[in-house]
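Participant: This one is start31.cif, mmCIF, C-alpha atoms.
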data_structure
#
loop_
_atom_site.group_PDB
_atom_site.id
_atom_site.type_symbol
_atom_site.label_atom_id
_atom_site.label_comp_id
_atom_site.auth_asym_id
_atom_site.auth_seq_id
_atom_site.Cartn_x
_atom_site.Cartn_y
_atom_site.Cartn_z
ATOM 1 C CA MET A 1 121.590 129.556 94.252
ATOM 2 C CA SER A 2 119.413 127.509 96.571
ATOM 3 C CA SER A 3 119.514 123.735 96.878
ATOM 4 C CA PRO A 4 116.969 121.393 95.270
ATOM 5 C CA PHE A 5 115.674 120.680 98.790
ATOM 6 C CA GLU A 6 115.049 124.374 99.468
ATOM 7 C CA GLU A 7 113.504 124.868 96.013
ATOM 8 C CA SER A 8 111.229 121.889 96.670
ATOM 9 C CA ARG A 9 110.102 123.358 100.007
ATOM 10 C CA LEU A 10 109.429 126.746 98.402
ATOM 11 C CA LEU A 11 107.417 125.119 95.604
ATOM 12 C CA PHE A 12 105.300 123.203 98.137
ATOM 13 C CA ILE A 13 104.717 126.354 100.213
ATOM 14 C CA ARG A 14 103.757 128.374 97.117
ATOM 15 C CA ARG A 15 101.341 125.701 95.808
ATOM 16 C CA TRP A 16 99.775 125.189 99.262
ATOM 17 C CA GLY A 17 99.217 128.944 99.405
ATOM 18 C CA GLU A 18 97.570 128.929 95.977
ATOM 19 C CA MET A 19 95.343 126.016 96.981
ATOM 20 C CA GLY A 20 94.373 127.727 100.230
ATOM 21 C CA ALA A 21 93.419 130.862 98.337
ATOM 22 C CA THR A 22 91.013 128.853 96.163
ATOM 23 C CA TRP A 23 89.432 127.467 99.347
ATOM 24 C CA GLY A 24 88.685 130.948 100.580
ATOM 25 C CA ILE A 25 91.438 131.378 103.164
ATOM 26 C CA SER A 26 94.244 133.885 103.019
ATOM 27 C CA ARG A 27 97.101 132.847 100.765
ATOM 28 C CA THR A 28 99.547 134.006 103.450
ATOM 29 C CA MET A 29 97.779 131.928 106.094
ATOM 30 C CA ALA A 30 98.067 128.847 103.869
ATOM 31 C CA GLU A 31 101.732 129.582 103.109
ATOM 32 C CA ILE A 32 102.510 129.963 106.813
ATOM 33 C CA HIS A 33 100.730 126.672 107.475
ATOM 34 C CA ALA A 34 102.793 124.991 104.738
ATOM 35 C CA LEU A 35 106.021 126.489 106.106
ATOM 36 C CA MET A 36 105.166 125.236 109.576
ATOM 37 C CA PHE A 37 104.250 121.795 108.181
ATOM 38 C CA VAL A 38 107.602 121.333 106.412
ATOM 39 C CA SER A 39 109.673 122.773 109.279
ATOM 40 C CA THR A 40 111.200 120.239 111.629
ATOM 41 C CA GLU A 41 111.623 122.818 114.397
ATOM 42 C CA SER A 42 109.194 125.291 115.920
ATOM 43 C CA LEU A 43 109.313 128.773 114.401
ATOM 44 C CA CYS A 44 108.830 132.244 115.844
ATOM 45 C CA THR A 45 107.160 135.192 114.152
ATOM 46 C CA ASP A 46 110.548 136.537 113.036
ATOM 47 C CA ASP A 47 111.328 133.215 111.297
ATOM 48 C CA VAL A 48 108.017 133.342 109.428
ATOM 49 C CA MET A 49 108.572 136.981 108.434
ATOM 50 C CA GLU A 50 112.060 136.259 107.107
ATOM 51 C CA ARG A 51 111.265 133.059 105.217
ATOM 52 C CA LEU A 52 108.033 134.263 103.609
ATOM 53 C CA GLN A 53 108.904 137.962 103.304
ATOM 54 C CA VAL A 54 105.741 139.137 105.081
ATOM 55 C CA SER A 55 105.176 141.925 107.585
ATOM 56 C CA ARG A 56 105.078 141.354 111.332
ATOM 57 C CA GLY A 57 101.382 142.243 111.450
ATOM 58 C CA ASN A 58 100.546 139.831 108.641
ATOM 59 C CA ALA A 59 102.595 137.033 110.212
ATOM 60 C CA SER A 60 101.146 137.619 113.697
ATOM 61 C CA MET A 61 97.546 137.801 112.504
ATOM 62 C CA ASN A 62 97.834 134.607 110.438
ATOM 63 C CA LEU A 63 99.701 132.698 113.158
ATOM 64 C CA ARG A 64 96.863 133.613 115.541
ATOM 65 C CA GLN A 65 94.313 132.369 113.004
ATOM 66 C CA LEU A 66 96.184 129.075 112.586
ATOM 67 C CA VAL A 67 96.227 128.660 116.379
ATOM 68 C CA ASN A 68 92.472 129.386 116.454
ATOM 69 C CA TRP A 69 91.901 126.754 113.765
ATOM 70 C CA GLY A 70 93.925 124.251 115.820
ATOM 71 C CA LEU A 71 96.452 123.642 113.030
ATOM 72 C CA ILE A 72 99.428 124.997 114.963
ATOM 73 C CA HIS A 73 100.123 125.401 118.660
ATOM 74 C CA ARG A 74 102.351 127.576 120.797
ATOM 75 C CA VAL A 75 105.625 126.102 122.011
ATOM 76 C CA HIS A 76 107.605 127.409 124.982
ATOM 77 C CA ARG A 77 111.377 127.353 124.791
ATOM 78 C CA PRO A 78 112.944 127.699 128.252
ATOM 79 C CA GLY A 79 115.087 130.818 128.516
ATOM 80 C CA ASP A 80 113.624 132.392 125.370
ATOM 81 C CA ARG A 81 110.978 135.101 125.615
ATOM 82 C CA LYS A 82 109.869 134.736 121.995
ATOM 83 C CA GLU A 83 106.692 132.906 121.155
ATOM 84 C CA TYR A 84 107.288 129.807 119.014
ATOM 85 C CA PHE A 85 104.840 127.738 117.021
ATOM 86 C CA ALA A 86 104.740 124.149 115.824
ATOM 87 C CA CYS A 87 102.429 122.514 113.326
ATOM 88 C CA GLU A 88 100.249 119.439 113.524
ATOM 89 C CA THR A 89 101.983 117.048 111.118
ATOM 90 C CA ASP A 90 99.581 114.102 111.220
ATOM 91 C CA VAL A 91 97.823 114.496 107.864
ATOM 92 C CA TRP A 92 94.645 112.763 109.024
ATOM 93 C CA GLN A 93 94.467 114.977 112.103
ATOM 94 C CA MET A 94 94.973 118.035 109.878
ATOM 95 C CA PHE A 95 92.171 116.845 107.584
ATOM 96 C CA GLU A 96 89.853 116.376 110.553
ATOM 97 C CA THR A 97 90.714 119.789 112.005
ATOM 98 C CA ILE A 98 90.314 121.643 108.698
ATOM 99 C CA THR A 99 87.067 119.862 107.876
ATOM 100 C CA ARG A 100 85.649 120.428 111.358
ATOM 101 C CA GLU A 101 86.494 124.133 111.211
ATOM 102 C CA ARG A 102 85.118 124.541 107.703
ATOM 103 C CA ARG A 103 81.937 122.765 108.745
ATOM 104 C CA ARG A 104 81.585 125.039 111.781
ATOM 105 C CA ARG A 105 82.351 128.236 109.857
ATOM 106 C CA GLU A 106 80.605 127.481 106.552
ATOM 107 C CA VAL A 107 78.293 124.475 106.536
ATOM 108 C CA GLU A 108 76.513 124.925 109.867
ATOM 109 C CA PRO A 109 75.570 128.563 109.118
ATOM 110 C CA ILE A 110 74.092 127.613 105.720
ATOM 111 C CA ILE A 111 72.134 124.742 107.295
ATOM 112 C CA GLU A 112 70.727 127.216 109.832
ATOM 113 C CA THR A 113 69.921 129.636 107.009
ATOM 114 C CA ILE A 114 68.128 126.934 105.014
ATOM 115 C CA GLU A 115 66.049 126.018 108.063
ATOM 116 C CA ARG A 116 65.204 129.685 108.654
ATOM 117 C CA CYS A 117 64.269 130.177 104.995
ATOM 118 C CA GLN A 118 61.966 127.165 105.118
ATOM 119 C CA GLU A 119 60.349 128.425 108.326
ATOM 120 C CA MET A 120 59.789 131.807 106.685
ATOM 121 C CA ILE A 121 57.824 130.306 103.804
ATOM 122 C CA GLY A 122 56.087 127.624 105.879
ATOM 123 C CA GLN A 123 52.860 129.539 106.511
ATOM 124 C CA ASP A 124 53.012 131.288 103.156
ATOM 125 C CA ILE A 125 52.813 128.004 101.214
ATOM 126 C CA LYS A 126 49.372 127.222 102.654
ATOM 127 C CA GLN A 127 47.950 130.560 101.509
ATOM 128 C CA LEU A 128 49.357 130.656 97.984
ATOM 129 C CA ARG A 129 47.644 129.385 94.839
ATOM 130 C CA GLY A 130 48.527 128.797 91.211
ATOM 131 C CA PRO A 131 51.948 129.597 89.695
ATOM 132 C CA GLN A 132 53.133 131.423 92.795
ATOM 133 C CA ARG A 133 52.470 128.364 94.964
ATOM 134 C CA LYS A 134 54.245 126.167 92.422
ATOM 135 C CA GLU A 135 57.314 128.435 92.499
ATOM 136 C CA VAL A 136 57.444 128.473 96.308
ATOM 137 C CA MET A 137 57.007 124.679 96.436
ATOM 138 C CA GLU A 138 59.900 124.219 93.984
ATOM 139 C CA TYR A 139 62.059 126.602 96.035
ATOM 140 C CA ASN A 140 61.240 124.620 99.185
ATOM 141 C CA ARG A 141 62.033 121.320 97.409
ATOM 142 C CA ARG A 142 65.439 122.614 96.348
ATOM 143 C CA LEU A 143 66.207 123.855 99.856
ATOM 144 C CA SER A 144 65.194 120.443 101.232
ATOM 145 C CA GLU A 145 67.510 118.670 98.783
ATOM 146 C CA MET A 146 70.388 120.959 99.745
ATOM 147 C CA SER A 147 69.704 120.347 103.430
ATOM 148 C CA GLU A 148 69.591 116.585 102.883
ATOM 149 C CA PHE A 149 72.845 116.679 100.905
ATOM 150 C CA LEU A 150 74.604 118.660 103.633
ATOM 151 C CA GLY A 151 73.260 116.221 106.238
ATOM 152 C CA VAL A 152 74.653 113.260 104.271
ATOM 153 C CA MET A 153 78.027 114.986 103.904
ATOM 154 C CA ASN A 154 78.113 115.638 107.672
ATOM 155 C CA LYS A 155 77.408 111.951 108.322
ATOM 156 C CA LEU A 156 80.128 110.975 105.856
ATOM 157 C CA PHE A 157 82.622 113.264 107.583
ATOM 158 C CA ASN A 158 81.691 111.809 110.984
ATOM 159 C CA LEU A 159 82.196 108.286 109.632
ATOM 160 C CA VAL A 160 85.556 109.167 108.079
ATOM 161 C CA VAL A 161 86.734 110.615 111.383
ATOM 162 C CA LYS A 162 85.392 107.626 113.306
ATOM 163 C CA VAL A 163 87.069 104.956 111.139
ATOM 164 C CA GLY A 164 90.289 106.930 110.733
ATOM 165 C CA ASN A 165 93.135 106.333 108.322
ATOM 166 C CA LYS A 166 92.950 102.523 108.187
ATOM 167 C CA GLY A 167 89.187 102.465 107.924
ATOM 168 C CA ILE A 168 89.065 105.021 105.131
ATOM 169 C CA ARG A 169 91.648 103.064 103.152
ATOM 170 C CA ARG A 170 89.418 99.967 103.386
ATOM 171 C CA LEU A 171 86.363 102.032 102.511
ATOM 172 C CA THR A 172 88.165 103.398 99.442
ATOM 173 C CA GLY A 173 88.743 99.821 98.302
ATOM 174 C CA VAL A 174 85.082 98.956 98.747
ATOM 175 C CA LEU A 175 83.977 102.087 96.878
ATOM 176 C CA ALA A 176 86.426 101.333 94.062
ATOM 177 C CA LYS A 177 84.826 97.888 93.666
ATOM 178 C CA LEU A 178 81.364 99.443 93.594
ATOM 179 C CA ALA A 179 82.456 101.897 90.912
ATOM 180 C CA LYS A 180 83.471 99.110 88.518
#
The structure in this file should be written as structure tokens.

Facilitator:
Amino acid sequence: MSSPFEESRLLFIRRWGEMGATWGISRTMAEIHALMFVSTESLCTDDVMERLQVSRGNASMNLRQLVNWGLIHRVHRPGDRKEYFACETDVWQMFETITRERRRREVEPIIETIERCQEMIGQDIKQLRGPQRKEVMEYNRRLSEMSEFLGVMNKLFNLVVKVGNKGIRRLTGVLAKLAK
């Protein structure tokens, strides 16, 4: 029977994995990230395999991805040839890293696609008449609104990063007053 502490850690790891899966990342990648986050010492691939019951290939691939995201980093232990990993534990830094990566991987490509779509219909709008023109104009309006929304969200993210933990706590207070 495991201790309440170990059960608590396993519950957190499982829930973090479930949450990660809903965000579109591998459940295993999210579970490895959670394991690394709650571990007070750096872990090697063998540790990850044993604790999460995953294959070497799965552990290696997901550890590499977490390094690429900037959420974990390699740690050298003198006299040991194994590769160890440690996790970023500053929650605000993790938020910034995850949001920056998601913006780069997801938001920036859709902004580029919206711009390309609008360029594609740019000349067409001038030549169309009647219901077809109306439909294309509505399509363009919706794309513009989406682009504006994404631009506002990018500005908000930049402000959150700029003001940091203390600033966002103050901003939350101001927004709570506005919501009343």

Participant: In Å, rounded to a single decimal, give me how far atom CA of Arg14 of chain A is from atom CA of Val75 of chain A.

Facilitator: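 Atom-to-atom, atom CA of Val75 of chain A to atom CA of Arg14 of chain A, that is 25.1 Å.
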
Participant: Between A:Val54, A:Asn140, A:Trp23, A:Leu66, single out the one closest to Glu106 of chain A, counting only C-alpha atoms.

Facilitator: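 Between A:Val54, A:Asn140, A:Trp23, A:Leu66, the residue approaching Glu106 of chain A most closely is A:Trp23.
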
Participant: Find the spatial neighbours of Glu108 of chain A, counting all atoms listed in the file, within a cut-off of 12 Å - ignore same-chain residues fewer than 4 positions away - and output them as a PyMOL selection string.

Facilitator: chain A and resi 99-104+112-115+147+150-151+153-154

Participant: Provide an axis-aligned box for all listed atoms of segment 68-75 of chain A, padding each side by 4 Å; report its centre and its edge lengths in Å to one decimal, as AutoDock Vina command-line options.

Facilitator:
--center_x 98.8 --center_y 126.5 --center_z 117.5 --size_x 21.7 --size_y 13.7 --size_z 17.0

Participant: Around the point (87.9, 110.9, 112.5), in the coordinates given by the file, pick out the residues reaching within 10 Å, counting only C-alpha atoms, and return them as a short mmCIF file (atom, residue, chain, number, x, y, z; two decimals) with C-alpha atoms, in the frame of the given file.

Facilitator:
data_model
loop_
_atom_site.label_atom_id
_atom_site.label_comp_id
_atom_site.auth_asym_id
_atom_site.auth_seq_id
_atom_site.Cartn_x
_atom_site.Cartn_y
_atom_site.Cartn_z
CA TRP A 92 94.64 112.76 109.02
CA GLN A 93 94.47 114.98 112.10
CA PHE A 95 92.17 116.84 107.58
CA GLU A 96 89.85 116.38 110.55
CA THR A 97 90.71 119.79 112.00
CA ARG A 100 85.65 120.43 111.36
CA PHE A 157 82.62 113.26 107.58
CA ASN A 158 81.69 111.81 110.98
CA LEU A 159 82.20 108.29 109.63
CA VAL A 160 85.56 109.17 108.08
CA VAL A 161 86.73 110.62 111.38
CA LYS A 162 85.39 107.63 113.31
CA VAL A 163 87.07 104.96 111.14
CA GLY A 164 90.29 106.93 110.73
CA ASN A 165 93.14 106.33 108.32
CA GLY A 167 89.19 102.46 107.92
CA ILE A 168 89.06 105.02 105.13
#

Participant: Point out the residue among A:Met120, A:Ile125, A:Val38, A:Met146 with the least atom-to-atom distance to Asp90 of chain A, counting all atoms listed in the file.

Facilitator: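 Closest to Asp90 of chain A of all the choices is A:Val38.
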
Participant: Measuring atom to atom with all atoms listed in the file, identify which of A:Leu63, A:Leu43, A:Cys117, A:Ala179 is nearest to Leu143 of chain A.

Facilitator: A:Cys117

Participant: I'd like the contact shell of Leu10 of chain A - 10 Å cut-off, only C-alpha atoms, skipping same-chain residues fewer than 5 positions apart - returned as a count of residues only.

Facilitator: 10

Participant: For Asp47 of chain A, please output as a PyMOL selection string all residues within 12 Å (counting only C-alpha atoms; exclusion window: fewer than 3 positions along the same chain).

Facilitator: chain A and resi 32+35-36+39+41-44+50-56+59-60+63+82-85

Participant: Which one is closest to Gln123 of chain A: A:Leu11, A:Ile110, A:Leu175, A:Met137? Count only C-alpha atoms.

Facilitator: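 Comparing A:Leu11, A:Ile110, A:Leu175, A:Met137 against Gln123 of chain A, the winner is A:Met137.
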
Participant: Could you tell me how far atom CA of Gly70 of chain A lies from atom CA of Ala30 of chain A, in Å and to one decimal?

Facilitator: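 So the two atoms, atom CA of Gly70 of chain A and atom CA of Ala30 of chain A, lie 13.5 Å apart.
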
Participant: Considering all atoms listed in the file, state which residue in the set A:Arg141, A:Lys134, A:His33, A:Arg116 is at the smallest distance from Gln65 of chain A.

Facilitator: A:His33

Participant: What's the separation between atom CA of Phe37 of chain A and atom CA of Glu88 of chain A, in Å to one decimal place?

Facilitator: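 Computing it gives 7.1 Å between the two atoms.
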